[in-house]
Amino acid sequence: MPPAGRSVIRRGHRPRIRGMITGMSATSSARPRARRARVAVALIASALALTACGGDDGPAPGGDDAASGGDGVTIDGFSFAASPVTAGASFTVDNRDSVAHTVTADDGAFDVRVGGGSTADATAPDEPGTYAFHCEIHPSMTGELVVR
Ligand SMILES: [Cu+2]
């Protein structure tokens with residue numbers, strides 16, 4: 001009877017111990033790592049979301065402010081900087097270079113010549129859209145005017 005009882009106890013304990021060990025090893029290593037990974041992914045995702053939101057909010061006002069030095073097109077260093085203009089409304093072309101330039105729409109919707117160090121007024125097209133333009137004098141100078 002005693003040997004049989006011991007064997008029964010051993011049989012009863014060993015599986016429990018193994019189960020405890022395997023269960024602990026699973027919870028102490030695999031699951032926490034998985035949780036940490038999920039938390040890290042969640043944090044990264046939220047950080048990216050915040051960054052994306054900040055990026056959308058930040059550059060837009062900053063870009064408007066930077067380009068609002070002249071509402072329309074600014075020319076500086078043989079380079080165009082255009083801020084959105086209102087359809088059908090006049091806008092200003094500010095030429096900060098010492099040489100003359102033109103702001104000529106590729107499709108002919110507008111065409112303005114601006115002497116060095118001066119400004120000129122132009123009229124935006126009636127149709128909203130994005131208009132590619134260039135300088136007739138310096139064909140390598142190109143830009144885009146957003147009309148809305
Ligand atoms: Cu030019």
# chains A, B, ... in the order shown; residues from 1 in each chain; ligands from 1

$ residues_near_ligand --ligand "ligand 1" --cutoff "6 Å" --atoms "only C-alpha atoms and all ligand atoms" --output "ChimeraX atom specification"
/A:101-102,135,137-138

$ residues_around --residues "stretch 112-122 of chain A" --least-positions-apart "6" --cutoff "10 Å" --atoms "only C-alpha atoms" --output "list in words"
Gly70, Gly72, Val73, Thr74, Ile75, Asp76, Gly88, Ala89, Ser90, Phe91, Thr92, Val93, Asp94, Asn95, Arg96, Asp97, Ser98, Val99, Ala100, His101, Thr102, Val103, Thr104, Ala105, Cys135, Glu136 and Ile137 of chain A

$ write_last_selection --atoms "N, CA and C atoms" --output "short mmCIF file (atom, residue, chain, number, x, y, z; two decimals), in the first residue's frame"
data_model
loop_
_atom_site.label_atom_id
_atom_site.label_comp_id
_atom_site.auth_asym_id
_atom_site.auth_seq_id
_atom_site.Cartn_x
_atom_site.Cartn_y
_atom_site.Cartn_z
N GLY A 70 4.66 88.70 -49.77
CA GLY A 70 3.96 89.25 -50.92
C GLY A 70 2.86 88.27 -51.23
N GLY A 72 1.03 86.43 -53.36
CA GLY A 72 1.13 86.09 -54.76
C GLY A 72 2.47 85.44 -55.03
N VAL A 73 3.28 86.11 -55.81
CA VAL A 73 4.56 85.51 -56.19
C VAL A 73 5.71 86.42 -55.76
N THR A 74 6.68 85.82 -55.11
CA THR A 74 7.90 86.53 -54.74
C THR A 74 9.06 85.90 -55.51
N ILE A 75 9.89 86.76 -56.07
CA ILE A 75 11.06 86.28 -56.81
C ILE A 75 12.30 86.72 -56.07
N ASP A 76 13.14 85.76 -55.75
CA ASP A 76 14.36 86.09 -55.01
C ASP A 76 15.44 85.08 -55.39
N GLY A 88 -9.72 85.18 -59.80
CA GLY A 88 -10.26 86.43 -60.32
C GLY A 88 -9.75 87.68 -59.62
N ALA A 89 -9.01 87.51 -58.55
CA ALA A 89 -8.51 88.67 -57.79
C ALA A 89 -7.10 89.02 -58.24
N SER A 90 -6.71 90.26 -57.95
CA SER A 90 -5.35 90.65 -58.31
C SER A 90 -4.38 90.18 -57.25
N PHE A 91 -3.18 89.90 -57.67
CA PHE A 91 -2.14 89.51 -56.72
C PHE A 91 -0.85 90.24 -57.10
N THR A 92 0.07 90.25 -56.18
CA THR A 92 1.30 91.00 -56.38
C THR A 92 2.46 90.09 -56.73
N VAL A 93 3.27 90.56 -57.66
CA VAL A 93 4.52 89.87 -57.97
C VAL A 93 5.65 90.76 -57.47
N ASP A 94 6.40 90.24 -56.52
CA ASP A 94 7.46 91.02 -55.88
C ASP A 94 8.81 90.47 -56.35
N ASN A 95 9.49 91.29 -57.14
CA ASN A 95 10.79 90.86 -57.68
C ASN A 95 11.91 91.48 -56.85
N ARG A 96 12.58 90.67 -56.10
CA ARG A 96 13.65 91.16 -55.23
C ARG A 96 15.02 91.06 -55.91
N ASP A 97 15.03 90.50 -57.10
CA ASP A 97 16.29 90.43 -57.85
C ASP A 97 16.57 91.77 -58.52
N SER A 98 17.81 91.94 -58.98
CA SER A 98 18.18 93.20 -59.65
C SER A 98 17.91 93.14 -61.14
N VAL A 99 17.49 92.00 -61.62
CA VAL A 99 17.17 91.87 -63.04
C VAL A 99 15.68 91.59 -63.21
N ALA A 100 15.19 91.85 -64.41
CA ALA A 100 13.77 91.66 -64.70
C ALA A 100 13.44 90.19 -64.86
N HIS A 101 12.20 89.86 -64.51
CA HIS A 101 11.68 88.50 -64.69
C HIS A 101 10.25 88.61 -65.21
N THR A 102 9.73 87.49 -65.64
CA THR A 102 8.30 87.43 -65.95
C THR A 102 7.68 86.28 -65.18
N VAL A 103 6.40 86.42 -64.91
CA VAL A 103 5.63 85.33 -64.33
C VAL A 103 4.61 84.96 -65.39
N THR A 104 4.94 83.93 -66.14
CA THR A 104 4.14 83.57 -67.30
C THR A 104 3.56 82.16 -67.13
N ALA A 105 2.23 82.10 -67.11
CA ALA A 105 1.58 80.80 -66.99
C ALA A 105 1.89 79.96 -68.23
N CYS A 135 9.52 81.79 -66.18
CA CYS A 135 10.03 83.11 -66.55
C CYS A 135 10.44 83.04 -68.02
N GLU A 136 9.89 83.93 -68.79
CA GLU A 136 10.19 83.96 -70.23
C GLU A 136 11.67 84.27 -70.48
N ILE A 137 12.25 85.06 -69.60
CA ILE A 137 13.65 85.46 -69.77
C ILE A 137 14.61 84.36 -69.32
#

$ atom_distance --atom1 "atom CA of A:Arg148" --atom2 "atom CA of A:Pro84"
7.0 Å

$ atom_distance --atom1 "atom CA of A:Thr123" --atom2 "atom CA of A:Ser79"
20.5 Å

$ closest_residue --among "A:Gly108, A:Ala132, A:Asp71, A:Pro139" --to "A:Ser83" --atoms "only C-alpha atoms"
A:Asp71

$ atom_distance --atom1 "atom CA of A:Pro125" --atom2 "atom CA of A:Ala109"
6.1 Å

$ closest_residue --among "A:Gly77, A:Phe133, A:Val85, A:Ser140" --to "A:Asp107" --atoms "only C-alpha atoms"
A:Phe133
